[in-house]
>>> print(open('run.tsv').read())   # TSV, C-alpha atoms and all ligand atoms
chain	number	residue	atom	x	y	z
A	1	MET	CA	0.00	0.00	0.00
A	2	ASP	CA	1.32	3.43	-0.89
A	3	ALA	CA	1.13	6.22	1.68
A	4	PRO	CA	1.25	9.51	-0.22
A	5	PRO	CA	1.31	12.90	1.52
A	6	GLY	CA	-1.87	13.33	3.50
A	7	GLY	CA	-1.78	9.73	4.64
A	8	ALA	CA	-4.54	8.43	2.36
A	9	ARG	CA	-3.93	4.77	1.67
A	10	GLU	CA	-4.06	3.61	-1.91
A	11	VAL	CA	-3.87	0.32	-3.75
A	12	THR	CA	-2.52	0.10	-7.29
A	13	VAL	CA	-3.79	-2.69	-9.52
A	14	ASN	CA	-3.58	-3.07	-13.30
A	15	TRP	CA	-1.95	0.38	-13.52
A	16	ARG	CA	-4.82	2.13	-11.76
A	17	ARG	CA	-4.82	3.59	-8.26
A	18	TYR	CA	-7.74	3.15	-5.89
A	19	ARG	CA	-8.28	4.84	-2.54
A	20	PHE	CA	-8.78	2.51	0.39
A	21	PRO	CA	-12.52	2.61	1.19
A	22	ARG	CA	-13.47	4.87	4.09
A	23	ALA	CA	-16.94	3.33	4.26
A	24	ALA	CA	-17.91	-0.19	3.19
A	25	THR	CA	-18.12	-0.02	-0.60
A	26	VAL	CA	-20.49	-2.29	-2.50
A	27	VAL	CA	-20.32	-2.64	-6.29
A	28	VAL	CA	-23.21	-4.44	-7.96
A	29	CYS	CA	-23.33	-5.84	-11.48
A	30	LEU	CA	-26.98	-6.04	-12.52
A	31	ASP	CA	-26.66	-8.64	-15.26
A	32	GLY	CA	-28.33	-7.58	-18.50
A	33	SER	CA	-29.74	-4.35	-17.08
A	34	GLU	CA	-30.54	-2.57	-20.32
A	35	PRO	CA	-31.30	1.13	-19.78
A	36	GLY	CA	-35.06	1.46	-19.33
A	37	TYR	CA	-35.75	-1.35	-16.86
A	38	ILE	CA	-35.11	0.78	-13.78
A	39	GLU	CA	-36.84	3.82	-15.26
A	40	ALA	CA	-39.96	1.77	-16.07
A	41	ALA	CA	-40.12	0.39	-12.52
A	42	ILE	CA	-39.73	3.92	-11.15
A	43	ALA	CA	-42.53	5.19	-13.41
A	44	ARG	CA	-44.82	2.51	-11.94
A	45	GLY	CA	-43.92	3.56	-8.40
A	46	LEU	CA	-42.15	0.24	-7.81
A	47	ALA	CA	-38.61	1.52	-7.29
A	48	PRO	CA	-38.64	4.44	-4.82
A	49	ASN	CA	-35.09	3.78	-3.63
A	50	PHE	CA	-33.67	3.87	-7.14
A	51	ALA	CA	-35.67	7.06	-7.75
A	52	ARG	CA	-34.13	8.68	-4.67
A	53	LEU	CA	-30.58	7.52	-5.45
A	54	MET	CA	-30.79	8.73	-9.03
A	55	ARG	CA	-31.96	12.12	-7.77
A	56	THR	CA	-29.57	12.63	-4.85
A	57	GLY	CA	-26.64	10.39	-5.84
A	58	ALA	CA	-25.41	9.83	-9.37
A	59	ASN	CA	-27.34	8.68	-12.45
A	60	LEU	CA	-24.79	7.97	-15.18
A	61	THR	CA	-24.41	5.76	-18.22
A	62	ALA	CA	-21.33	3.77	-19.21
A	63	LEU	CA	-20.15	1.58	-22.05
A	64	SER	CA	-19.49	-2.12	-21.54
A	65	ALA	CA	-16.59	-4.08	-22.93
A	66	ILE	CA	-17.15	-5.80	-26.28
A	67	PRO	CA	-18.21	-8.58	-26.65
A	68	SER	CA	-21.10	-7.41	-24.48
A	69	PHE	CA	-21.23	-10.76	-22.72
A	70	THR	CA	-21.31	-11.67	-19.06
A	71	ASN	CA	-17.86	-13.07	-18.30
A	72	PRO	CA	-15.71	-10.56	-20.20
A	73	ASN	CA	-17.57	-7.73	-18.52
A	74	ASN	CA	-17.64	-9.15	-15.00
A	75	LEU	CA	-13.90	-9.68	-15.26
A	76	SER	CA	-13.41	-6.20	-16.71
A	77	ILE	CA	-15.37	-4.70	-13.83
A	78	ILE	CA	-13.50	-6.61	-11.13
A	79	THR	CA	-10.06	-5.94	-12.64
A	80	GLY	CA	-10.80	-2.37	-13.82
A	81	ALA	CA	-9.34	-3.31	-17.18
A	82	PRO	CA	-10.41	-4.44	-20.67
A	83	PRO	CA	-10.18	-8.06	-21.89
A	84	ALA	CA	-6.78	-7.39	-23.53
A	85	VAL	CA	-5.42	-7.09	-19.98
A	86	HIS	CA	-7.37	-9.80	-18.12
A	87	GLY	CA	-7.64	-12.25	-21.00
A	88	ILE	CA	-11.29	-13.30	-20.58
A	89	ALA	CA	-12.67	-12.51	-24.03
A	90	GLY	CA	-15.77	-14.69	-23.81
A	91	ASN	CA	-17.46	-17.46	-21.88
A	92	TYR	CA	-15.98	-19.84	-24.37
A	93	PHE	CA	-13.05	-19.87	-26.78
A	94	LEU	CA	-10.82	-21.94	-29.02
A	95	ASP	CA	-7.70	-22.81	-27.03
A	96	PRO	CA	-4.89	-22.51	-29.59
A	97	SER	CA	-2.62	-24.77	-27.54
A	98	SER	CA	-5.04	-27.71	-27.77
A	99	GLY	CA	-7.27	-26.83	-30.73
A	100	GLN	CA	-10.20	-27.56	-28.42
A	101	GLU	CA	-13.17	-25.31	-27.75
A	102	VAL	CA	-13.26	-24.79	-24.01
A	103	MET	CA	-15.07	-22.84	-21.33
A	104	MET	CA	-12.99	-19.91	-20.16
A	105	ASN	CA	-14.22	-20.15	-16.58
A	106	ASP	CA	-11.01	-21.46	-15.04
A	107	PRO	CA	-8.77	-18.98	-13.19
A	108	ARG	CA	-5.79	-20.25	-15.21
A	109	PHE	CA	-7.17	-18.21	-18.12
A	110	LEU	CA	-7.16	-15.01	-16.04
A	111	ARG	CA	-4.11	-12.84	-16.75
A	112	ALA	CA	-4.57	-9.99	-14.26
A	113	PRO	CA	-5.20	-9.65	-10.53
A	114	THR	CA	-8.63	-8.51	-9.43
A	115	ILE	CA	-9.18	-5.28	-7.52
A	116	LEU	CA	-10.63	-7.33	-4.68
A	117	ALA	CA	-7.57	-9.57	-4.48
A	118	ALA	CA	-5.25	-6.54	-4.44
A	119	PHE	CA	-7.19	-4.92	-1.59
A	120	HIS	CA	-7.34	-8.23	0.26
A	121	GLU	CA	-3.57	-8.54	-0.01
A	122	GLU	CA	-3.27	-5.10	1.57
A	123	GLY	CA	-5.38	-6.09	4.55
A	124	ALA	CA	-8.93	-5.33	3.44
A	125	ARG	CA	-11.97	-7.50	4.21
A	126	VAL	CA	-13.53	-8.47	0.88
A	127	ALA	CA	-16.54	-10.47	-0.30
A	128	VAL	CA	-17.87	-11.69	-3.66
A	129	VAL	CA	-21.31	-13.17	-4.24
A	130	THR	CA	-22.35	-14.28	-7.73
A	131	ALA	CA	-25.59	-15.77	-8.94
A	132	LYS	CA	-24.07	-18.49	-11.11
A	133	ASP	CA	-21.19	-20.66	-10.04
A	134	LYS	CA	-19.52	-20.28	-13.47
A	135	LEU	CA	-18.17	-16.90	-12.36
A	136	ARG	CA	-17.30	-17.67	-8.77
A	137	THR	CA	-13.80	-19.05	-9.27
A	138	LEU	CA	-12.85	-16.24	-11.67
A	139	LEU	CA	-14.20	-13.45	-9.48
A	140	GLY	CA	-12.72	-15.02	-6.35
A	141	ALA	CA	-9.30	-15.58	-7.96
A	142	GLY	CA	-6.40	-14.60	-5.72
A	143	LEU	CA	-8.38	-14.53	-2.47
A	144	THR	CA	-6.91	-16.55	0.41
A	145	MET	CA	-9.80	-17.81	2.47
A	146	SER	CA	-7.58	-18.81	5.39
A	147	THR	CA	-7.05	-15.13	6.27
A	148	GLY	CA	-10.64	-14.99	7.50
A	149	ARG	CA	-10.93	-11.71	5.56
A	150	ALA	CA	-12.28	-13.13	2.29
A	151	ILE	CA	-15.56	-14.71	1.25
A	152	ALA	CA	-16.61	-15.84	-2.25
A	153	PHE	CA	-19.61	-17.99	-3.07
A	154	SER	CA	-22.39	-18.41	-5.61
A	155	ALA	CA	-26.14	-18.49	-4.97
A	156	GLU	CA	-26.34	-21.50	-7.28
A	157	ARG	CA	-24.14	-23.66	-5.03
A	158	ALA	CA	-24.66	-21.83	-1.74
A	159	GLU	CA	-25.37	-25.04	0.13
A	160	GLN	CA	-21.97	-26.46	-0.86
A	161	ALA	CA	-19.89	-23.59	0.53
A	162	THR	CA	-17.02	-24.49	2.84
A	163	ILE	CA	-14.62	-22.42	4.91
A	164	ALA	CA	-11.65	-23.75	2.92
A	165	GLU	CA	-13.13	-23.04	-0.52
A	166	ASN	CA	-15.47	-20.11	0.12
A	167	GLY	CA	-14.52	-18.56	3.47
A	168	ILE	CA	-18.01	-19.30	4.80
A	169	ARG	CA	-20.27	-22.27	5.42
A	170	GLU	CA	-23.96	-22.88	6.14
A	171	VAL	CA	-24.80	-20.07	3.76
A	172	LEU	CA	-28.51	-20.92	3.58
A	173	ASP	CA	-28.86	-20.33	7.33
A	174	PHE	CA	-26.69	-17.23	7.11
A	175	VAL	CA	-28.81	-15.70	4.35
A	176	GLY	CA	-32.12	-17.05	5.64
A	177	LEU	CA	-33.44	-18.14	2.24
A	178	PRO	CA	-33.82	-21.58	0.60
A	179	LEU	CA	-31.47	-22.64	-2.19
A	180	PRO	CA	-32.83	-20.89	-5.33
A	181	ASP	CA	-33.44	-22.53	-8.69
A	182	VAL	CA	-30.70	-21.58	-11.18
A	183	TYR	CA	-33.39	-20.52	-13.67
A	184	SER	CA	-35.34	-18.13	-11.49
A	185	PRO	CA	-35.42	-14.51	-10.30
A	186	ALA	CA	-34.77	-15.94	-6.82
A	187	LEU	CA	-31.15	-16.63	-7.80
A	188	SER	CA	-30.50	-12.88	-7.99
A	189	GLU	CA	-32.57	-12.15	-4.88
A	190	PHE	CA	-30.34	-14.57	-2.98
A	191	VAL	CA	-27.28	-12.55	-4.05
A	192	PHE	CA	-28.77	-9.33	-2.67
A	193	ALA	CA	-30.01	-10.94	0.55
A	194	ALA	CA	-26.53	-12.39	1.07
A	195	GLY	CA	-25.03	-8.96	0.42
A	196	VAL	CA	-27.15	-7.34	3.14
A	197	ARG	CA	-26.23	-10.08	5.65
A	198	LEU	CA	-22.54	-9.77	4.79
A	199	VAL	CA	-22.61	-6.00	5.35
A	200	GLU	CA	-24.23	-6.60	8.75
A	201	ARG	CA	-22.14	-9.49	9.99
A	202	PHE	CA	-18.94	-9.80	7.96
A	203	ARG	CA	-18.44	-6.03	7.58
A	204	PRO	CA	-16.46	-6.05	4.32
A	205	ASP	CA	-14.42	-3.05	3.23
A	206	LEU	CA	-15.15	-3.96	-0.38
A	207	MET	CA	-17.85	-6.24	-1.79
A	208	TYR	CA	-18.89	-7.26	-5.30
A	209	LEU	CA	-22.35	-8.65	-6.05
A	210	SER	CA	-23.20	-10.08	-9.47
A	211	THR	CA	-26.73	-11.14	-10.43
A	212	THR	CA	-28.07	-13.16	-13.39
A	213	ASP	CA	-29.96	-11.97	-16.45
A	214	TYR	CA	-32.58	-14.73	-16.38
A	215	VAL	CA	-35.37	-12.12	-16.19
A	216	GLN	CA	-33.90	-9.74	-18.78
A	217	HIS	CA	-33.50	-12.56	-21.32
A	218	LYS	CA	-37.23	-13.26	-20.99
A	219	ALA	CA	-38.88	-9.94	-20.34
A	220	ALA	CA	-38.56	-6.42	-21.75
A	221	PRO	CA	-38.58	-3.22	-19.69
A	222	ASP	CA	-42.01	-2.45	-18.18
A	223	SER	CA	-43.24	-6.04	-18.45
A	224	ASP	CA	-44.78	-7.45	-15.27
A	225	LEU	CA	-41.92	-9.92	-14.79
A	226	ALA	CA	-39.30	-7.19	-15.14
A	227	ASN	CA	-41.14	-4.71	-12.94
A	228	THR	CA	-41.57	-7.30	-10.18
A	229	PHE	CA	-37.87	-8.15	-10.43
A	230	TYR	CA	-36.74	-4.54	-10.21
A	231	ALA	CA	-39.12	-3.87	-7.32
A	232	MET	CA	-37.35	-6.70	-5.48
A	233	ILE	CA	-33.93	-5.24	-6.32
A	234	ASP	CA	-35.12	-1.84	-5.19
A	235	ARG	CA	-35.95	-3.15	-1.70
A	236	TYR	CA	-32.40	-4.46	-1.32
A	237	VAL	CA	-30.94	-1.25	-2.73
A	238	GLY	CA	-32.83	0.52	0.05
A	239	GLU	CA	-31.53	-1.93	2.67
A	240	LEU	CA	-27.92	-1.57	1.54
A	241	ASP	CA	-28.20	2.21	1.37
A	242	ALA	CA	-29.70	2.32	4.87
A	243	ARG	CA	-26.62	0.54	6.21
A	244	GLY	CA	-24.38	3.43	5.23
A	245	VAL	CA	-22.44	1.77	2.45
A	246	VAL	CA	-21.17	3.47	-0.68
A	247	LEU	CA	-23.29	1.69	-3.27
A	248	ALA	CA	-22.52	1.62	-7.01
A	249	LEU	CA	-24.62	-0.33	-9.50
A	250	THR	CA	-23.79	-0.96	-13.12
A	251	ALA	CA	-24.36	-3.75	-15.67
A	252	ASP	CA	-22.29	-6.16	-17.71
A	253	HIS	CA	-24.33	-5.53	-20.88
A	254	GLY	CA	-27.76	-4.47	-22.11
A	255	MET	CA	-30.39	-6.66	-23.78
A	256	ASN	CA	-32.54	-6.44	-26.91
A	257	ASP	CA	-35.31	-8.38	-28.62
A	258	LYS	CA	-33.66	-10.64	-31.20
A	259	HIS	CA	-36.64	-12.22	-32.86
A	260	LEU	CA	-38.89	-12.00	-35.89
A	261	PRO	CA	-42.51	-10.84	-35.69
A	262	ASP	CA	-43.62	-14.49	-35.37
A	263	GLY	CA	-41.46	-14.87	-32.26
A	264	SER	CA	-38.78	-17.08	-33.82
A	265	PRO	CA	-35.14	-16.01	-33.33
A	266	ASP	CA	-33.70	-13.80	-36.08
A	267	VAL	CA	-30.53	-15.79	-36.74
A	268	LEU	CA	-27.72	-15.66	-39.26
A	269	TYR	CA	-26.13	-19.12	-39.16
A	270	LEU	CA	-22.49	-18.27	-39.77
A	271	GLN	CA	-21.06	-21.78	-39.98
A	272	GLU	CA	-23.55	-22.51	-42.78
A	273	TRP	CA	-22.59	-19.22	-44.44
A	274	PHE	CA	-18.88	-20.13	-44.43
A	275	ASP	CA	-19.50	-23.79	-45.32
A	276	ALA	CA	-21.36	-22.66	-48.47
A	277	ARG	CA	-18.35	-20.63	-49.56
A	278	LEU	CA	-15.33	-22.59	-48.31
A	279	GLY	CA	-16.59	-26.15	-47.95
A	280	ALA	CA	-17.94	-27.98	-44.93
A	281	ALA	CA	-16.12	-27.17	-41.68
A	282	ALA	CA	-13.24	-25.41	-43.45
A	283	ALA	CA	-13.85	-22.33	-41.33
A	284	ARG	CA	-14.52	-22.63	-37.62
A	285	VAL	CA	-17.14	-20.34	-36.08
A	286	ILE	CA	-16.86	-19.73	-32.33
A	287	LEU	CA	-19.72	-18.22	-30.34
A	288	PRO	CA	-18.26	-16.86	-27.10
A	289	ILE	CA	-21.77	-16.58	-25.54
A	290	THR	CA	-21.87	-20.38	-25.30
A	291	ASP	CA	-22.16	-21.61	-21.73
A	292	PRO	CA	-23.88	-24.43	-19.86
A	293	TYR	CA	-26.94	-22.26	-19.16
A	294	VAL	CA	-28.42	-22.38	-22.66
A	295	LEU	CA	-32.05	-22.06	-21.56
A	296	HIS	CA	-31.56	-18.27	-21.49
A	297	HIS	CA	-30.43	-17.73	-25.03
A	298	GLY	CA	-29.85	-20.98	-26.97
A	299	ALA	CA	-26.20	-19.89	-27.36
A	300	LEU	CA	-27.34	-17.13	-29.73
A	301	GLY	CA	-25.78	-13.68	-29.34
A	302	SER	CA	-24.58	-10.76	-31.46
A	303	PHE	CA	-20.85	-11.52	-31.47
A	304	ALA	CA	-18.89	-14.29	-33.16
A	305	THR	CA	-15.32	-14.94	-34.10
A	306	VAL	CA	-14.22	-17.10	-37.04
A	307	TYR	CA	-11.05	-19.04	-37.75
A	308	LEU	CA	-10.40	-19.25	-41.50
A	309	PRO	CA	-8.47	-21.95	-43.35
A	310	ALA	CA	-5.07	-21.06	-44.78
A	311	GLY	CA	-5.36	-19.32	-48.13
A	312	ALA	CA	-8.93	-18.09	-47.62
A	313	ASP	CA	-9.75	-14.72	-49.20
A	314	GLU	CA	-10.13	-12.92	-45.88
A	315	ALA	CA	-10.75	-9.45	-47.32
A	316	GLY	CA	-13.31	-10.77	-49.80
A	317	LEU	CA	-15.18	-12.74	-47.13
A	318	ILE	CA	-15.18	-9.73	-44.79
A	319	ALA	CA	-16.59	-7.50	-47.54
A	320	GLU	CA	-19.35	-9.97	-48.46
A	321	LEU	CA	-20.30	-10.65	-44.85
A	322	ALA	CA	-20.31	-6.96	-43.94
A	323	ALA	CA	-22.88	-6.37	-46.70
A	324	THR	CA	-25.16	-9.11	-45.36
A	325	GLU	CA	-28.50	-8.05	-43.84
A	326	GLY	CA	-28.35	-7.79	-40.04
A	327	VAL	CA	-24.55	-7.74	-39.82
A	328	SER	CA	-23.33	-4.49	-38.28
A	329	LEU	CA	-19.56	-4.87	-38.31
A	330	VAL	CA	-16.92	-7.33	-39.55
A	331	LEU	CA	-13.28	-6.74	-38.66
A	332	PRO	CA	-10.01	-8.60	-39.10
A	333	ARG	CA	-8.41	-9.79	-35.85
A	334	ALA	CA	-5.86	-7.00	-35.45
A	335	GLU	CA	-8.38	-4.24	-35.97
A	336	ALA	CA	-10.99	-5.86	-33.72
A	337	CYS	CA	-8.43	-6.33	-30.93
A	338	ARG	CA	-7.27	-2.73	-31.22
A	339	ARG	CA	-10.75	-1.27	-31.29
A	340	PHE	CA	-12.28	-3.47	-28.56
A	341	GLU	CA	-9.12	-4.06	-26.49
A	342	LEU	CA	-9.24	-7.84	-26.90
A	343	PRO	CA	-6.46	-10.44	-26.45
A	344	PRO	CA	-5.37	-11.42	-30.01
A	345	ASP	CA	-4.49	-14.99	-29.06
A	346	ARG	CA	-8.08	-15.65	-27.99
A	347	VAL	CA	-9.78	-14.16	-31.04
A	348	GLY	CA	-10.24	-15.75	-34.48
A	349	ASP	CA	-9.14	-14.36	-37.83
A	350	ILE	CA	-12.24	-12.24	-38.10
A	351	VAL	CA	-14.78	-10.81	-35.65
A	352	VAL	CA	-18.46	-10.47	-36.61
A	353	LEU	CA	-21.05	-8.35	-34.82
A	354	SER	CA	-24.74	-8.36	-35.63
A	355	GLY	CA	-27.24	-5.55	-35.21
A	356	ARG	CA	-30.01	-4.74	-32.79
A	357	ARG	CA	-32.43	-7.50	-33.87
A	358	LYS	CA	-30.05	-10.14	-35.24
A	359	VAL	CA	-28.14	-12.95	-33.57
A	360	LEU	CA	-25.34	-15.13	-34.89
A	361	GLY	CA	-25.45	-18.92	-34.75
A	362	THR	CA	-23.27	-21.74	-36.03
A	363	SER	CA	-25.64	-24.05	-37.94
A	364	ALA	CA	-29.34	-24.57	-37.30
A	365	ALA	CA	-28.81	-28.19	-36.29
A	366	ARG	CA	-26.39	-27.22	-33.53
A	367	HIS	CA	-28.74	-24.89	-31.64
A	368	ASP	CA	-31.43	-26.51	-29.53
A	369	LEU	CA	-34.04	-23.79	-29.57
A	370	SER	CA	-36.72	-26.01	-28.07
A	371	ALA	CA	-35.48	-24.90	-24.65
A	372	LEU	CA	-36.32	-21.26	-25.35
A	373	ASP	CA	-39.66	-20.67	-23.67
A	374	ALA	CA	-40.01	-17.01	-24.71
A	375	PRO	CA	-39.15	-15.03	-27.86
A	376	LEU	CA	-35.38	-14.57	-27.89
A	377	ARG	CA	-33.78	-11.59	-26.19
A	378	SER	CA	-30.01	-11.51	-26.20
A	379	HIS	CA	-26.84	-9.39	-26.36
A	380	GLY	CA	-23.21	-9.37	-27.41
A	381	GLY	CA	-22.94	-6.50	-29.89
A	382	LEU	CA	-22.61	-2.73	-29.95
A	383	GLU	CA	-26.36	-2.24	-29.47
A	384	GLU	CA	-26.08	-3.75	-25.99
A	385	GLN	CA	-23.04	-1.74	-24.92
A	386	LYS	CA	-24.79	1.11	-23.10
A	387	VAL	CA	-25.51	0.40	-19.44
A	388	PRO	CA	-26.51	2.37	-16.34
A	389	MET	CA	-24.13	3.41	-13.57
A	390	ILE	CA	-25.95	4.54	-10.44
A	391	LEU	CA	-24.45	5.54	-7.09
A	392	ASN	CA	-26.00	6.51	-3.78
A	393	ARG	CA	-23.54	9.40	-3.43
A	394	PRO	CA	-22.84	12.34	-5.72
A	395	VAL	CA	-19.71	11.87	-7.82
A	396	SER	CA	-17.50	14.26	-9.77
A	397	ILE	CA	-16.65	12.93	-13.20
A	398	PRO	CA	-14.11	14.97	-15.19
A	399	ALA	CA	-15.78	16.78	-18.10
A	400	GLY	CA	-15.66	14.84	-21.35
A	401	ARG	CA	-14.76	11.49	-19.77
A	402	VAL	CA	-16.58	8.57	-21.38
A	403	LEU	CA	-17.25	6.10	-18.59
A	404	ARG	CA	-16.81	2.37	-19.06
A	405	ASN	CA	-18.64	-0.07	-16.81
A	406	PHE	CA	-15.21	-1.24	-15.67
A	407	ASP	CA	-14.56	2.24	-14.26
A	408	VAL	CA	-17.13	1.53	-11.54
A	409	PHE	CA	-14.58	0.77	-8.77
A	410	ASP	CA	-12.66	3.93	-9.76
A	411	VAL	CA	-15.87	5.96	-9.51
A	412	ALA	CA	-16.98	4.36	-6.22
A	413	LEU	CA	-13.58	4.56	-4.52
A	414	ASN	CA	-11.98	7.67	-6.03
A	415	LEU	CA	-14.70	9.97	-7.31
A	416	VAL	CA	-17.46	9.95	-4.70
A	417	GLY	CA	-17.97	13.28	-2.95
A	501	ZN	ZN	-24.78	-11.03	-18.51
>>> encode(input="run.tsv", output="structure tokens")
Amino acid sequence: MDAPPGGAREVTVNWRRYRFPRAATVVVCLDGSEPGYIEAAIARGLAPNFARLMRTGANLTALSAIPSFTNPNNLSIITGAPPAVHGIAGNYFLDPSSGQEVMMNDPRFLRAPTILAAFHEEGARVAVVTAKDKLRTLLGAGLTMSTGRAIAFSAERAEQATIAENGIREVLDFVGLPLPDVYSPALSEFVFAAGVRLVERFRPDLMYLSTTDYVQHKAAPDSDLANTFYAMIDRYVGELDARGVVLALTADHGMNDKHLPDGSPDVLYLQEWFDARLGAAAARVILPITDPYVLHHGALGSFATVYLPAGADEAGLIAELAATEGVSLVLPRAEACRRFELPPDRVGDIVVLSGRRKVLGTSAARHDLSALDAPLRSHGGLEEQKVPMILNRPVSIPAGRVLRNFDVFDVALNLVG
């Protein structure tokens, strides 16, 4: 820890400096919280705490990392850095060392320390609660549970938590709620309820809560399901605020309808597109949205990366694909990595983004859409990059600064009044 003149303690991580929290500081990632959800709940009188915070604290917007997917953005938020630095460019990628497509949810893929781990190392009490277990090991990377100053668990596997692995046990009793279903709004409620208990009993200096976008994948802003969900969140926002914490809420990505008028997903099947031009399986299309929780989205999102065979006419394919209906941007690897700050060794030869209504698939036979029980809503592209950033304290943002969602710890620790 540095001790500059004035005695304020600071922690430097990934080339950014953060002030040691003077009050417990809670950062929340509201998964898939497209702008409009909170406003609609407020308009219905269902979110009085959000209404108050947005009036007396800070009501800002920020841009997510691209791809606008869950894991790259959660890791960006908790490291304060883009994917080029932390390495997590998707939920899923083609491992060049093995040629296998693998989940990127193992800490060995993480290339940067988290802000929480850096503060923990400097003596802070830190806690992480995630909805889904897929993120728990990444977000908890670098925490040493044996210090008694670190806790990291998921709502999904709350009943399996141990002192050695999670820094806490008997989480269901601690939180006072039953184990939630992984496909339910209750999974996110459990995260918030745990957060309130942790503030009361564990007294963290720094805490990160990350919910799931189960509701946002199903329901648009101002729908009954969404309004009920945000009313629930609002109650916990009020509870956290009442406990005197500095509270900052942002999102990993937005969410848009991605379906045709008849309710079927509006898909461009990219593997089929390349197979028709280059021969079957000559190109390899990777969808980094892919994860084990396909009921949300059928592995359909607005970002794909493609490995081309040697000798392919890359420029010609890019030009033809870019002119295809529903495709918003096609870039070669180097340009995509520069523009979106992505790690080149985890990105294919070209990057494809689709527009507001369109999603990208591999081939029709490889997507089981029977599990989708509502017209598809999804994310991944530029249209889902804008997210809210709301704090319960006023903040001073330098004029002209474009906020990223992964600036949220900087804002909460360094820029609150
Ligand atoms: Zn998400």
>>> atom_distance(input="run.tsv", atom1="CA of Pro343 in chain A", atom2="CA of Glu101 in chain A")
16.4 Å
>>> residues_near_ligand(input="run.tsv", ligand="ligand ZN 501 (chain A)", cutoff="8 Å", atoms="only C-alpha atoms and all ligand atoms", output="number ranges by chain")
A: 31-32, 68-71, 73, 212-213, 251-253
>>> residues_around(input="run.tsv", residues="range 183-193 of chain A", least_positions_apart="3", cutoff="7 Å", atoms="only C-alpha atoms", output="PyMOL selection string")
chain A and resi 129-131+155-156+175+180+196-197+209+211-212+214-215+229+236
>>> closest_residue(input="run.tsv", among="A:Ser302, A:Thr290, A:Asn227, A:Asn256", to="Tyr37 in chain A", atoms="all atoms listed in the file")
A:Asn227
>>> closest_residue(input="run.tsv", among="A:Leu376, A:Ala58, A:Leu300, A:Leu63", to="Asp262 in chain A", atoms="all atoms listed in the file")
A:Leu376
>>> closest_residue(input="run.tsv", among="A:Met255, A:Met232, A:Val128, A:Ala304", to="Ser378 in chain A", atoms="all atoms listed in the file")
A:Met255
>>> residues_around(input="run.tsv", residues="Ala299 in chain A", least_positions_apart="5", cutoff="9 Å", atoms="only C-alpha atoms", output="VMD selection string")
chain A and resid 287 to 291 293 to 294 360 to 361 367 to 368
>>> write_last_selection(input="run.tsv", atoms="C-alpha atoms", output="compact mmCIF listing (two decimals), in the coordinates of the input")
# COMPACT_ATOMS: atom_id res chain seq x y z
CA LEU A 287 -19.72 -18.22 -30.34
CA PRO A 288 -18.26 -16.86 -27.10
CA ILE A 289 -21.77 -16.58 -25.54
CA THR A 290 -21.87 -20.38 -25.30
CA ASP A 291 -22.16 -21.61 -21.73
CA TYR A 293 -26.94 -22.26 -19.16
CA VAL A 294 -28.42 -22.38 -22.66
CA LEU A 360 -25.34 -15.13 -34.89
CA GLY A 361 -25.45 -18.92 -34.75
CA HIS A 367 -28.74 -24.89 -31.64
CA ASP A 368 -31.43 -26.51 -29.53
>>> axis_aligned_box(input="run.tsv", around="range 327-334 of chain A", padding_each_side="8 Å", output="lines of an AutoDock Vina configuration file")
center_x = -15.2
center_y = -7.1
center_z = -37.6
size_x = 34.7
size_y = 21.3
size_z = 20.4
>>> atom_distance(input="run.tsv", atom1="CA of Phe303 in chain A", atom2="CA of Arg404 in chain A")
19.1 Å
>>> closest_residue(input="run.tsv", among="A:Ala150, A:Gly140, A:Val13, A:Arg346", to="Phe109 in chain A", atoms="only C-alpha atoms")
A:Arg346
>>> closest_residue(input="run.tsv", among="A:Gln216, A:Thr114, A:Ser210, A:Thr162", to="Gly36 in chain A", atoms="only C-alpha atoms")
A:Gln216
>>> closest_residue(input="run.tsv", among="A:Pro82, A:Gly417, A:Gly57, A:Gly355", to="His379 in chain A", atoms="all atoms listed in the file")
A:Gly355
>>> residues_near_point(input="run.tsv", point="(-13.4, -19.3, -8.8)", cutoff="12 Å", atoms="all atoms listed in the file", output="NGL selection string")
:A and (75 or 104-110 or 114 or 128-130 or 132-145 or 151-154 or 165-166)
>>> residues_around(input="run.tsv", residues="Val387 in chain A", least_positions_apart="2", cutoff="7 Å", atoms="only C-alpha atoms", output="PyMOL selection string")
chain A and resi 33-35+61-64+250-251+253-254+385+389
>>> write_last_selection(input="run.tsv", atoms="C-alpha atoms", output="compact mmCIF listing (two decimals), in the coordinates of the input")
# COMPACT_ATOMS: atom_id res chain seq x y z
CA SER A 33 -29.74 -4.35 -17.08
CA GLU A 34 -30.54 -2.57 -20.32
CA PRO A 35 -31.30 1.13 -19.78
CA THR A 61 -24.41 5.76 -18.22
CA ALA A 62 -21.33 3.77 -19.21
CA LEU A 63 -20.15 1.58 -22.05
CA SER A 64 -19.49 -2.12 -21.54
CA THR A 250 -23.79 -0.96 -13.12
CA ALA A 251 -24.36 -3.75 -15.67
CA HIS A 253 -24.33 -5.53 -20.88
CA GLY A 254 -27.76 -4.47 -22.11
CA GLN A 385 -23.04 -1.74 -24.92
CA MET A 389 -24.13 3.41 -13.57
>>> residues_around(input="run.tsv", residues="Asp266 in chain A", least_positions_apart="6", cutoff="7 Å", atoms="all atoms listed in the file", output="ChimeraX atom specification")
/A:258-260,357-359
>>> atom_distance(input="run.tsv", atom1="CA of Ala248 in chain A", atom2="CA of Ala41 in chain A")
18.5 Å
>>> residues_around(input="run.tsv", residues="Ile350 in chain A", least_positions_apart="3", cutoff="7 Å", atoms="only C-alpha atoms", output="count of residues only")
7
